[in-house]
file target-v2.pdb (PDB, C-alpha atoms, pLDDT in the B column)
ATOM      1  CA  MET W   1      23.777 108.789  -3.677  1.00 43.00           C
ATOM      2  CA  ALA W   2      26.675 110.957  -2.624  1.00 54.00           C
ATOM      3  CA  HIS W   3      26.030 114.476  -1.473  1.00 66.00           C
ATOM      4  CA  THR W   4      28.289 117.126  -0.049  1.00 74.00           C
ATOM      5  CA  PRO W   5      28.168 116.879   3.753  1.00 79.00           C
ATOM      6  CA  THR W   6      28.328 119.941   5.948  1.00 83.00           C
ATOM      7  CA  PRO W   7      31.975 120.199   7.059  1.00 84.00           C
ATOM      8  CA  ARG W   8      32.615 120.238  10.788  1.00 85.00           C
ATOM      9  CA  ASP W   9      36.090 121.695  10.442  1.00 91.00           C
ATOM     10  CA  ARG W  10      39.034 122.142   8.106  1.00 95.00           C
ATOM     11  CA  ILE W  11      39.816 118.414   8.031  1.00 96.00           C
ATOM     12  CA  ASP W  12      36.313 117.686   6.751  1.00 96.00           C
ATOM     13  CA  GLU W  13      36.832 120.358   4.083  1.00 97.00           C
ATOM     14  CA  TRP W  14      40.021 118.618   2.936  1.00 98.00           C
ATOM     15  CA  ILE W  15      38.265 115.254   2.804  1.00 98.00           C
ATOM     16  CA  ILE W  16      35.335 116.687   0.840  1.00 97.00           C
ATOM     17  CA  ASP W  17      37.799 118.163  -1.671  1.00 97.00           C
ATOM     18  CA  CYS W  18      40.099 115.138  -1.965  1.00 97.00           C
ATOM     19  CA  THR W  19      37.954 112.011  -1.762  1.00 97.00           C
ATOM     20  CA  PRO W  20      35.194 112.116  -4.416  1.00 97.00           C
ATOM     21  CA  GLY W  21      35.910 109.305  -6.876  1.00 97.00           C
ATOM     22  CA  ARG W  22      38.836 108.035  -4.779  1.00 98.00           C
ATOM     23  CA  SER W  23      39.484 105.478  -2.042  1.00 98.00           C
ATOM     24  CA  PHE W  24      39.757 106.563   1.597  1.00 98.00           C
ATOM     25  CA  VAL W  25      40.845 104.956   4.870  1.00 98.00           C
ATOM     26  CA  ASP W  26      40.639 106.377   8.385  1.00 97.00           C
ATOM     27  CA  ILE W  27      43.187 104.829  10.741  1.00 97.00           C
ATOM     28  CA  GLY W  28      42.498 105.122  14.466  1.00 93.00           C
ATOM     29  CA  GLY W  29      39.145 106.930  14.564  1.00 89.00           C
ATOM     30  CA  ILE W  30      36.911 104.663  16.656  1.00 92.00           C
ATOM     31  CA  GLY W  31      37.973 105.857  20.113  1.00 85.00           C
ATOM     32  CA  VAL W  32      36.433 108.409  22.513  1.00 83.00           C
ATOM     33  CA  GLY W  33      32.912 108.052  21.197  1.00 81.00           C
ATOM     34  CA  ALA W  34      34.124 107.959  17.577  1.00 84.00           C
ATOM     35  CA  GLY W  35      34.286 111.740  17.719  1.00 82.00           C
ATOM     36  CA  ASN W  36      37.359 111.689  15.486  1.00 85.00           C
ATOM     37  CA  GLU W  37      36.018 109.363  12.782  1.00 91.00           C
ATOM     38  CA  ARG W  38      36.092 110.709   9.222  1.00 95.00           C
ATOM     39  CA  THR W  39      34.817 107.737   7.219  1.00 96.00           C
ATOM     40  CA  SER W  40      31.303 109.164   7.274  1.00 96.00           C
ATOM     41  CA  THR W  41      32.521 112.400   5.684  1.00 96.00           C
ATOM     42  CA  ALA W  42      34.360 110.493   2.950  1.00 97.00           C
ATOM     43  CA  ALA W  43      31.392 108.194   2.270  1.00 96.00           C
ATOM     44  CA  LEU W  44      28.929 111.084   2.022  1.00 96.00           C
ATOM     45  CA  ALA W  45      31.348 113.055  -0.177  1.00 96.00           C
ATOM     46  CA  GLY W  46      31.466 110.272  -2.791  1.00 96.00           C
ATOM     47  CA  ALA W  47      34.566 108.204  -2.091  1.00 97.00           C
ATOM     48  CA  THR W  48      34.546 105.019  -4.165  1.00 97.00           C
ATOM     49  CA  ARG W  49      35.846 102.866  -1.307  1.00 97.00           C
ATOM     50  CA  VAL W  50      35.775 103.722   2.398  1.00 98.00           C
ATOM     51  CA  ALA W  51      37.437 101.804   5.233  1.00 98.00           C
ATOM     52  CA  GLN W  52      37.979 102.185   8.953  1.00 97.00           C
ATOM     53  CA  ALA W  53      41.074 100.689  10.570  1.00 97.00           C
ATOM     54  CA  ASP W  54      42.011 100.618  14.233  1.00 96.00           C
ATOM     55  CA  ILE W  55      44.395  98.946  16.657  1.00 94.00           C
ATOM     56  CA  ARG W  56      41.480  97.603  18.724  1.00 94.00           C
ATOM     57  CA  PRO W  57      40.106  94.074  18.082  1.00 96.00           C
ATOM     58  CA  ILE W  58      36.774  93.954  16.271  1.00 97.00           C
ATOM     59  CA  ASP W  59      34.852  92.885  19.404  1.00 96.00           C
ATOM     60  CA  TYR W  60      36.072  95.909  21.386  1.00 96.00           C
ATOM     61  CA  PHE W  61      33.096  98.027  22.497  1.00 95.00           C
ATOM     62  CA  GLU W  62      34.276 101.168  20.676  1.00 95.00           C
ATOM     63  CA  TRP W  63      33.666  99.523  17.300  1.00 96.00           C
ATOM     64  CA  GLU W  64      29.922  99.394  18.002  1.00 95.00           C
ATOM     65  CA  GLY W  65      29.967 103.023  19.094  1.00 94.00           C
ATOM     66  CA  PHE W  66      31.675 103.822  15.798  1.00 95.00           C
ATOM     67  CA  ARG W  67      28.951 101.994  13.833  1.00 95.00           C
ATOM     68  CA  GLN W  68      26.275 103.896  15.708  1.00 94.00           C
ATOM     69  CA  MET W  69      28.017 107.145  14.825  1.00 92.00           C
ATOM     70  CA  LEU W  70      28.004 106.164  11.145  1.00 94.00           C
ATOM     71  CA  ARG W  71      24.288 105.403  11.230  1.00 94.00           C
ATOM     72  CA  SER W  72      23.574 108.720  12.928  1.00 92.00           C
ATOM     73  CA  ARG W  73      25.245 110.463   9.992  1.00 91.00           C
ATOM     74  CA  GLY W  74      23.362 108.435   7.365  1.00 92.00           C
ATOM     75  CA  VAL W  75      26.094 105.934   6.471  1.00 95.00           C
ATOM     76  CA  ASP W  76      25.094 102.267   6.653  1.00 90.00           C
ATOM     77  CA  SER W  77      28.525 100.669   6.817  1.00 86.00           C
ATOM     78  CA  VAL W  78      32.140 100.817   5.687  1.00 95.00           C
ATOM     79  CA  GLU W  79      34.914  98.243   5.425  1.00 97.00           C
ATOM     80  CA  GLU W  80      36.455  97.421   8.797  1.00 98.00           C
ATOM     81  CA  PHE W  81      40.036  96.406   9.584  1.00 97.00           C
ATOM     82  CA  ASP W  82      40.894  95.621  13.202  1.00 97.00           C
ATOM     83  CA  ARG W  83      44.273  95.141  14.906  1.00 96.00           C
ATOM     84  CA  ILE W  84      45.942  97.649  12.567  1.00 96.00           C
ATOM     85  CA  ASP W  85      48.971  99.135  14.312  1.00 94.00           C
ATOM     86  CA  ILE W  86      50.737 101.739  12.181  1.00 94.00           C
ATOM     87  CA  ARG W  87      53.982 100.827  13.944  1.00 93.00           C
ATOM     88  CA  ASP W  88      53.726  97.385  12.292  1.00 93.00           C
ATOM     89  CA  ALA W  89      54.404  97.324   8.558  1.00 93.00           C
ATOM     90  CA  ALA W  90      53.078  93.758   8.288  1.00 93.00           C
ATOM     91  CA  ALA W  91      49.758  94.758   9.873  1.00 93.00           C
ATOM     92  CA  LEU W  92      49.449  97.754   7.555  1.00 93.00           C
ATOM     93  CA  SER W  93      50.037  95.516   4.538  1.00 93.00           C
ATOM     94  CA  ARG W  94      46.575  94.043   5.183  1.00 94.00           C
ATOM     95  CA  LEU W  95      45.093  97.388   4.190  1.00 95.00           C
ATOM     96  CA  GLY W  96      46.682  97.568   0.778  1.00 95.00           C
ATOM     97  CA  GLN W  97      46.726 101.051  -0.741  1.00 97.00           C
ATOM     98  CA  PHE W  98      44.308 103.958  -0.572  1.00 98.00           C
ATOM     99  CA  ASP W  99      44.290 107.272  -2.399  1.00 98.00           C
ATOM    100  CA  VAL W 100      43.617 109.239   0.779  1.00 98.00           C
ATOM    101  CA  VAL W 101      44.726 108.274   4.303  1.00 98.00           C
ATOM    102  CA  HIS W 102      43.430 110.071   7.384  1.00 98.00           C
ATOM    103  CA  THR W 103      45.044 109.428  10.771  1.00 96.00           C
ATOM    104  CA  THR W 104      44.907 112.049  13.509  1.00 95.00           C
ATOM    105  CA  GLY W 105      45.395 112.003  17.262  1.00 92.00           C
ATOM    106  CA  ILE W 106      48.064 109.299  17.006  1.00 93.00           C
ATOM    107  CA  PHE W 107      51.608 110.456  16.230  1.00 94.00           C
ATOM    108  CA  TYR W 108      52.361 112.036  19.603  1.00 95.00           C
ATOM    109  CA  HIS W 109      51.441 108.691  21.204  1.00 95.00           C
ATOM    110  CA  LEU W 110      54.089 106.743  19.274  1.00 96.00           C
ATOM    111  CA  PRO W 111      57.565 105.869  20.588  1.00 96.00           C
ATOM    112  CA  SER W 112      58.917 105.718  16.994  1.00 94.00           C
ATOM    113  CA  PRO W 113      56.851 108.166  14.907  1.00 95.00           C
ATOM    114  CA  ALA W 114      59.295 108.283  11.976  1.00 96.00           C
ATOM    115  CA  ASP W 115      58.990 104.524  11.449  1.00 95.00           C
ATOM    116  CA  ALA W 116      55.196 104.721  11.616  1.00 95.00           C
ATOM    117  CA  LEU W 117      55.065 107.605   9.150  1.00 96.00           C
ATOM    118  CA  TRP W 118      57.319 105.707   6.744  1.00 96.00           C
ATOM    119  CA  ASN W 119      54.973 102.726   7.042  1.00 95.00           C
ATOM    120  CA  LEU W 120      52.027 104.953   6.083  1.00 95.00           C
ATOM    121  CA  ARG W 121      53.940 106.031   2.982  1.00 94.00           C
ATOM    122  CA  ARG W 122      53.307 102.524   1.629  1.00 93.00           C
ATOM    123  CA  VAL W 123      49.531 102.920   2.098  1.00 97.00           C
ATOM    124  CA  ALA W 124      48.904 106.522   1.002  1.00 97.00           C
ATOM    125  CA  GLN W 125      48.895 106.971  -2.772  1.00 97.00           C
ATOM    126  CA  ARG W 126      47.808 110.602  -3.133  1.00 98.00           C
ATOM    127  CA  HIS W 127      47.157 112.378   0.158  1.00 98.00           C
ATOM    128  CA  LEU W 128      47.795 112.043   3.877  1.00 98.00           C
ATOM    129  CA  ILE W 129      45.802 113.991   6.460  1.00 98.00           C
ATOM    130  CA  THR W 130      47.378 113.905   9.901  1.00 98.00           C
ATOM    131  CA  ASN W 131      48.313 115.980  12.933  1.00 97.00           C
ATOM    132  CA  THR W 132      50.345 116.109  16.104  1.00 97.00           C
ATOM    133  CA  VAL W 133      50.473 118.003  19.361  1.00 97.00           C
ATOM    134  CA  THR W 134      53.180 120.622  18.971  1.00 96.00           C
ATOM    135  CA  PHE W 135      55.322 122.739  21.256  1.00 96.00           C
ATOM    136  CA  PRO W 136      54.766 126.493  20.833  1.00 93.00           C
ATOM    137  CA  GLY W 137      58.493 127.323  20.800  1.00 93.00           C
ATOM    138  CA  VAL W 138      58.595 128.999  24.196  1.00 97.00           C
ATOM    139  CA  ILE W 139      56.427 128.707  27.300  1.00 97.00           C
ATOM    140  CA  SER W 140      56.772 131.266  30.075  1.00 98.00           C
ATOM    141  CA  ASN W 141      54.701 131.300  33.236  1.00 98.00           C
ATOM    142  CA  ALA W 142      55.060 131.632  36.995  1.00 97.00           C
ATOM    143  CA  GLU W 143      56.959 128.312  37.127  1.00 98.00           C
ATOM    144  CA  GLY W 144      59.679 129.422  34.695  1.00 98.00           C
ATOM    145  CA  ILE W 145      60.570 129.318  31.004  1.00 98.00           C
ATOM    146  CA  LEU W 146      60.838 126.353  28.633  1.00 98.00           C
ATOM    147  CA  ARG W 147      62.205 126.956  25.149  1.00 97.00           C
ATOM    148  CA  LEU W 148      62.977 124.906  22.018  1.00 97.00           C
ATOM    149  CA  PRO W 149      64.796 125.865  18.798  1.00 97.00           C
ATOM    150  CA  ASP W 150      62.863 125.502  15.537  1.00 96.00           C
ATOM    151  CA  ALA W 151      64.442 122.091  14.974  1.00 96.00           C
ATOM    152  CA  GLY W 152      63.596 120.924  18.482  1.00 96.00           C
ATOM    153  CA  VAL W 153      61.633 117.927  19.709  1.00 97.00           C
ATOM    154  CA  LEU W 154      60.710 117.589  23.377  1.00 97.00           C
ATOM    155  CA  PHE W 155      61.193 113.999  24.598  1.00 98.00           C
ATOM    156  CA  LEU W 156      58.633 113.822  27.382  1.00 97.00           C
ATOM    157  CA  PRO W 157      60.024 110.848  29.367  1.00 96.00           C
ATOM    158  CA  ALA W 158      63.153 112.985  29.914  1.00 97.00           C
ATOM    159  CA  LEU W 159      61.400 116.006  31.453  1.00 97.00           C
ATOM    160  CA  THR W 160      63.183 117.437  34.467  1.00 97.00           C
ATOM    161  CA  ASP W 161      61.152 118.391  37.506  1.00 96.00           C
ATOM    162  CA  GLN W 162      61.485 122.040  36.480  1.00 97.00           C
ATOM    163  CA  ASP W 163      60.368 121.378  32.886  1.00 97.00           C
ATOM    164  CA  ARG W 164      57.415 119.415  34.211  1.00 97.00           C
ATOM    165  CA  ARG W 165      56.315 122.229  36.528  1.00 98.00           C
ATOM    166  CA  VAL W 166      56.333 124.699  33.616  1.00 98.00           C
ATOM    167  CA  LEU W 167      54.368 122.356  31.338  1.00 98.00           C
ATOM    168  CA  ASN W 168      51.903 121.387  34.061  1.00 98.00           C
ATOM    169  CA  ARG W 169      51.095 125.042  34.690  1.00 98.00           C
ATOM    170  CA  HIS W 170      50.813 125.717  30.935  1.00 98.00           C
ATOM    171  CA  TYR W 171      48.312 122.945  30.250  1.00 98.00           C
ATOM    172  CA  GLN W 172      46.423 123.480  33.506  1.00 98.00           C
ATOM    173  CA  ASP W 173      45.888 127.139  32.643  1.00 97.00           C
ATOM    174  CA  LYS W 174      45.068 126.438  28.989  1.00 97.00           C
ATOM    175  CA  PHE W 175      42.992 123.258  29.079  1.00 97.00           C
ATOM    176  CA  GLY W 176      42.497 122.225  32.699  1.00 98.00           C
ATOM    177  CA  TRP W 177      44.770 119.161  32.612  1.00 97.00           C
ATOM    178  CA  THR W 178      48.461 118.541  33.238  1.00 97.00           C
ATOM    179  CA  ILE W 179      51.347 116.870  31.427  1.00 96.00           C
ATOM    180  CA  ASP W 180      51.512 114.451  34.383  1.00 95.00           C
ATOM    181  CA  GLN W 181      48.230 112.989  33.125  1.00 94.00           C
ATOM    182  CA  THR W 182      49.407 112.435  29.546  1.00 95.00           C
ATOM    183  CA  ALA W 183      53.127 111.776  30.114  1.00 96.00           C
ATOM    184  CA  PRO W 184      53.600 110.648  33.718  1.00 95.00           C
ATOM    185  CA  PRO W 185      57.014 110.700  35.413  1.00 95.00           C
ATOM    186  CA  LEU W 186      58.884 107.451  34.906  1.00 92.00           C
ATOM    187  CA  ASP W 187      58.985 106.775  38.635  1.00 88.00           C
ATOM    188  CA  ARG W 188      55.238 107.285  39.117  1.00 83.00           C
ATOM    189  CA  PRO W 189      52.857 104.396  38.419  1.00 75.00           C
ATOM    190  CA  ASN W 190      50.032 105.417  36.091  1.00 73.00           C
ATOM    191  CA  PRO W 191      47.846 102.516  34.948  1.00 74.00           C
ATOM    192  CA  GLY W 192      46.051 104.718  32.424  1.00 82.00           C
ATOM    193  CA  MET W 193      49.208 105.832  30.585  1.00 90.00           C
ATOM    194  CA  PRO W 194      51.931 103.188  31.090  1.00 93.00           C
ATOM    195  CA  TRP W 195      55.160 103.598  29.134  1.00 95.00           C
ATOM    196  CA  ILE W 196      55.736  99.833  29.041  1.00 94.00           C
ATOM    197  CA  GLU W 197      53.085  97.120  28.986  1.00 92.00           C
ATOM    198  CA  ASN W 198      53.515  93.363  28.538  1.00 92.00           C
ATOM    199  CA  GLY W 199      57.216  93.902  27.872  1.00 95.00           C
ATOM    200  CA  GLU W 200      56.633  96.387  25.014  1.00 94.00           C
ATOM    201  CA  LEU W 201      56.717 100.166  24.634  1.00 95.00           C
ATOM    202  CA  THR W 202      53.125 101.398  24.497  1.00 93.00           C
ATOM    203  CA  CYS W 203      51.237 103.939  22.396  1.00 92.00           C
ATOM    204  CA  TRP W 204      49.270 105.452  25.294  1.00 92.00           C
ATOM    205  CA  PRO W 205      51.300 108.360  26.774  1.00 96.00           C
ATOM    206  CA  TYR W 206      52.452 111.466  24.922  1.00 97.00           C
ATOM    207  CA  TRP W 207      56.030 110.678  23.838  1.00 97.00           C
ATOM    208  CA  TYR W 208      57.162 113.775  21.906  1.00 97.00           C
ATOM    209  CA  LEU W 209      56.190 117.394  21.332  1.00 97.00           C
ATOM    210  CA  TYR W 210      57.536 118.666  18.002  1.00 96.00           C
ATOM    211  CA  THR W 211      57.884 122.259  16.977  1.00 97.00           C
ATOM    212  CA  ASP W 212      55.817 122.984  13.866  1.00 97.00           C
ATOM    213  CA  HIS W 213      58.993 123.180  11.796  1.00 97.00           C
ATOM    214  CA  ALA W 214      60.323 119.850  13.087  1.00 97.00           C
ATOM    215  CA  PHE W 215      57.063 118.040  12.311  1.00 98.00           C
ATOM    216  CA  ARG W 216      56.923 119.481   8.804  1.00 98.00           C
ATOM    217  CA  LYS W 217      60.484 118.279   8.210  1.00 98.00           C
ATOM    218  CA  LEU W 218      59.621 114.802   9.495  1.00 97.00           C
ATOM    219  CA  LEU W 219      56.819 114.669   6.936  1.00 98.00           C
ATOM    220  CA  GLU W 220      59.174 115.848   4.203  1.00 98.00           C
ATOM    221  CA  LEU W 221      61.773 113.257   5.201  1.00 97.00           C
ATOM    222  CA  CYS W 222      59.129 110.538   4.804  1.00 97.00           C
ATOM    223  CA  ARG W 223      58.201 111.843   1.337  1.00 97.00           C
ATOM    224  CA  PHE W 224      55.093 113.893   2.111  1.00 98.00           C
ATOM    225  CA  ARG W 225      54.704 117.517   1.030  1.00 98.00           C
ATOM    226  CA  VAL W 226      52.484 119.798   3.154  1.00 98.00           C
ATOM    227  CA  ILE W 227      50.024 121.607   0.871  1.00 98.00           C
ATOM    228  CA  ASP W 228      47.716 123.059   3.539  1.00 98.00           C
ATOM    229  CA  GLU W 229      47.684 123.295   7.314  1.00 98.00           C
ATOM    230  CA  PHE W 230      46.034 124.929  10.296  1.00 96.00           C
ATOM    231  CA  LYS W 231      46.759 125.298  14.000  1.00 96.00           C
ATOM    232  CA  TRP W 232      44.241 124.606  16.750  1.00 95.00           C
ATOM    233  CA  GLU W 233      44.675 126.622  19.956  1.00 94.00           C
ATOM    234  CA  ASP W 234      48.434 126.845  19.258  1.00 94.00           C
ATOM    235  CA  HIS W 235      48.403 123.223  20.435  1.00 96.00           C
ATOM    236  CA  THR W 236      47.964 120.884  17.461  1.00 97.00           C
ATOM    237  CA  LEU W 237      49.139 121.201  13.866  1.00 98.00           C
ATOM    238  CA  GLN W 238      46.763 119.687  11.284  1.00 98.00           C
ATOM    239  CA  VAL W 239      48.228 119.066   7.826  1.00 98.00           C
ATOM    240  CA  LEU W 240      47.069 118.003   4.388  1.00 98.00           C
ATOM    241  CA  CYS W 241      49.942 116.396   2.530  1.00 98.00           C
ATOM    242  CA  GLU W 242      50.474 115.112  -0.976  1.00 98.00           C
ATOM    243  CA  VAL W 243      52.656 112.099  -1.606  1.00 97.00           C
ATOM    244  CA  ILE W 244      56.039 112.884  -3.147  1.00 96.00           C
ATOM    245  CA  PRO W 245      56.656 110.283  -5.911  1.00 89.00           C
TER
END

call {"tool": "encode", "arguments": {"input": "target-v2.pdb", "output": "structure tokens"}}
result
Amino acid sequence: MAHTPTPRDRIDEWIIDCTPGRSFVDIGGIGVGAGNERTSTAALAGATRVAQADIRPIDYFEWEGFRQMLRSRGVDSVEEFDRIDIRDAAALSRLGQFDVVHTTGIFYHLPSPADALWNLRRVAQRHLITNTVTFPGVISNAEGILRLPDAGVLFLPALTDQDRRVLNRHYQDKFGWTIDQTAPPLDRPNPGMPWIENGELTCWPYWYLYTDHAFRKLLELCRFRVIDEFKWEDHTLQVLCEVIP
């Protein structure tokens, strides 16, 4: 029997409000100890159909960690779809359509985020919950100043040495890591975050940092209307969107 789960954050609150009596899919939530999964929230809140989709094959170890996380939250099982890459419209077609789509922690890892968002438009029937890492408009520290207009998007493979020093200091001071770890220089081998793998652009590094305004306009372009949002640490923008018919 469905009951209202205790929300962990604003995203859980959106899911609890939007999913009762509706279908729900979480795309990309099995990684890093399944700490980002939201299928359990949707199942406990009374969604009529709940599915988890991920780019990883079904025998990848993170799937079992995800199942353990579900059980720890009192959910026996959900539908599972493996090898779902939101960059691939054909792969997404295996999902069909869901009233509510949740996919966070992904868009800043994509070389072509507009194409991926347009692909999701074919899956989401009512609401999309997503996010991206954003650029705060201006960063000023001992290394210098880096600034973007409201319409700006920072293409991280193109960072100059000066830009990189400013961003490295910013993230080191704020979170204890550097942009070199998430978007390495093109001339520096980084097996953990390669830009190209097996002859294809990858979805491992950070590719872009949008301003808040630019990301909202990308959503609008792809026929999603932001109806609620919140910022985390002036670093990520979380949005609840409704589908524009």

call {"tool": "resolve_selection", "arguments": {"input": "target-v2.pdb", "expression": "the PyMOL selection byres ((chain W and resi 223) around 10)", "output": "list in words"}}
result
Leu117, Trp118, Arg121, Lys217, Leu218, Leu219, Glu220, Leu221, Cys222, Phe224, Arg225, Val226, Cys241, Glu242, Val243, Ile244 and Pro245 of chain W

call {"tool": "residues_around", "arguments": {"input": "target-v2.pdb", "residues": "Asp82 in chain W", "least_positions_apart": "4", "cutoff": "10 Å", "atoms": "all atoms listed in the file", "output": "PyMOL selection string"}}
result
chain W and resi 27-28+52-60+63+91+94

call {"tool": "atom_distance", "arguments": {"input": "target-v2.pdb", "atom1": "CA of Asn131 in chain W", "atom2": "CA of Ile196 in chain W"}}
result
24.0 Å

call {"tool": "resolve_selection", "arguments": {"input": "target-v2.pdb", "expression": "the PyMOL selection byres ((chain W and resi 159-161) around 12)", "output": "ChimeraX atom specification"}}
result
/W:143-144,146,153-158,162-168,179-180,183-187,206-209

call {"tool": "residues_around", "arguments": {"input": "target-v2.pdb", "residues": "Gly33 in chain W", "least_positions_apart": "2", "cutoff": "12 Å", "atoms": "all atoms listed in the file", "output": "list in words"}}
result
Gly29, Ile30, Gly31, Gly35, Asn36, Glu37, Phe61, Glu62, Trp63, Glu64, Gly65, Phe66, Arg67, Gln68, Met69 and Leu70 of chain W

call {"tool": "closest_residue", "arguments": {"input": "target-v2.pdb", "among": "W:Val75, W:His170, W:Thr236, W:Phe230", "to": "Ile145 in chain W", "atoms": "only C-alpha atoms"}}
result
W:His170

call {"tool": "atom_distance", "arguments": {"input": "target-v2.pdb", "atom1": "CA of Cys203 in chain W", "atom2": "CA of Gly137 in chain W"}}
result
24.5 Å

call {"tool": "axis_aligned_box", "arguments": {"input": "target-v2.pdb", "around": "range 47-65 of chain W", "padding_each_side": "5 Å", "output": "lines of an AutoDock Vina configuration file"}}
result
center_x = 37.2
center_y = 100.5
center_z = 9.2
size_x = 24.5
size_y = 25.3
size_z = 36.7

call {"tool": "atom_distance", "arguments": {"input": "target-v2.pdb", "atom1": "CA of Arg71 in chain W", "atom2": "CA of Arg83 in chain W"}}
result
22.8 Å

call {"tool": "closest_residue", "arguments": {"input": "target-v2.pdb", "among": "W:Thr41, W:Ser23, W:Thr134, W:Ser140", "to": "Thr6 in chain W", "atoms": "all atoms listed in the file"}}
result
W:Thr41

call {"tool": "build_atoms", "arguments": {"input": "target-v2.pdb", "residues": "range 55-76 of chain W", "atoms": "N, CA and C atoms", "output": "compact mmCIF listing (two decimals), in the frame of the given file"}}
result
# COMPACT_ATOMS: atom_id res chain seq x y z
N ILE W 55 43.57 99.90 15.92
CA ILE W 55 44.40 98.95 16.66
C ILE W 55 43.55 98.00 17.51
N ARG W 56 42.33 98.40 17.86
CA ARG W 56 41.48 97.60 18.72
C ARG W 56 40.92 96.38 17.99
N PRO W 57 40.74 95.24 18.70
CA PRO W 57 40.11 94.07 18.08
C PRO W 57 38.65 94.36 17.76
N ILE W 58 38.09 93.64 16.81
CA ILE W 58 36.77 93.95 16.27
C ILE W 58 35.67 93.82 17.30
N ASP W 59 35.88 93.03 18.38
CA ASP W 59 34.85 92.88 19.40
C ASP W 59 34.98 93.92 20.52
N TYR W 60 35.92 94.86 20.39
CA TYR W 60 36.07 95.91 21.39
C TYR W 60 34.87 96.84 21.31
N PHE W 61 34.37 97.31 22.46
CA PHE W 61 33.10 98.03 22.50
C PHE W 61 33.09 99.29 21.65
N GLU W 62 34.25 99.92 21.44
CA GLU W 62 34.28 101.17 20.68
C GLU W 62 33.91 100.96 19.21
N TRP W 63 34.09 99.77 18.68
CA TRP W 63 33.67 99.52 17.30
C TRP W 63 32.15 99.71 17.15
N GLU W 64 31.37 99.22 18.10
CA GLU W 64 29.92 99.39 18.00
C GLU W 64 29.53 100.86 18.14
N GLY W 65 30.22 101.59 19.01
CA GLY W 65 29.97 103.02 19.09
C GLY W 65 30.27 103.72 17.78
N PHE W 66 31.33 103.27 17.11
CA PHE W 66 31.68 103.82 15.80
C PHE W 66 30.55 103.55 14.79
N ARG W 67 30.03 102.34 14.78
CA ARG W 67 28.95 101.99 13.83
C ARG W 67 27.70 102.83 14.10
N GLN W 68 27.42 103.05 15.37
CA GLN W 68 26.28 103.90 15.71
C GLN W 68 26.48 105.32 15.22
N MET W 69 27.72 105.81 15.33
CA MET W 69 28.02 107.14 14.82
C MET W 69 27.79 107.22 13.32
N LEU W 70 28.24 106.19 12.59
CA LEU W 70 28.00 106.16 11.14
C LEU W 70 26.52 106.26 10.83
N ARG W 71 25.73 105.42 11.50
CA ARG W 71 24.29 105.40 11.23
C ARG W 71 23.65 106.75 11.54
N SER W 72 24.13 107.42 12.58
CA SER W 72 23.57 108.72 12.93
C SER W 72 23.85 109.76 11.86
N ARG W 73 24.90 109.52 11.06
CA ARG W 73 25.24 110.46 9.99
C ARG W 73 24.76 109.97 8.62
N GLY W 74 23.96 108.90 8.61
CA GLY W 74 23.36 108.44 7.36
C GLY W 74 24.23 107.52 6.54
N VAL W 75 25.22 106.88 7.17
CA VAL W 75 26.09 105.93 6.47
C VAL W 75 25.83 104.54 7.03
N ASP W 76 25.47 103.60 6.18
CA ASP W 76 25.09 102.27 6.65
C ASP W 76 26.29 101.48 7.18
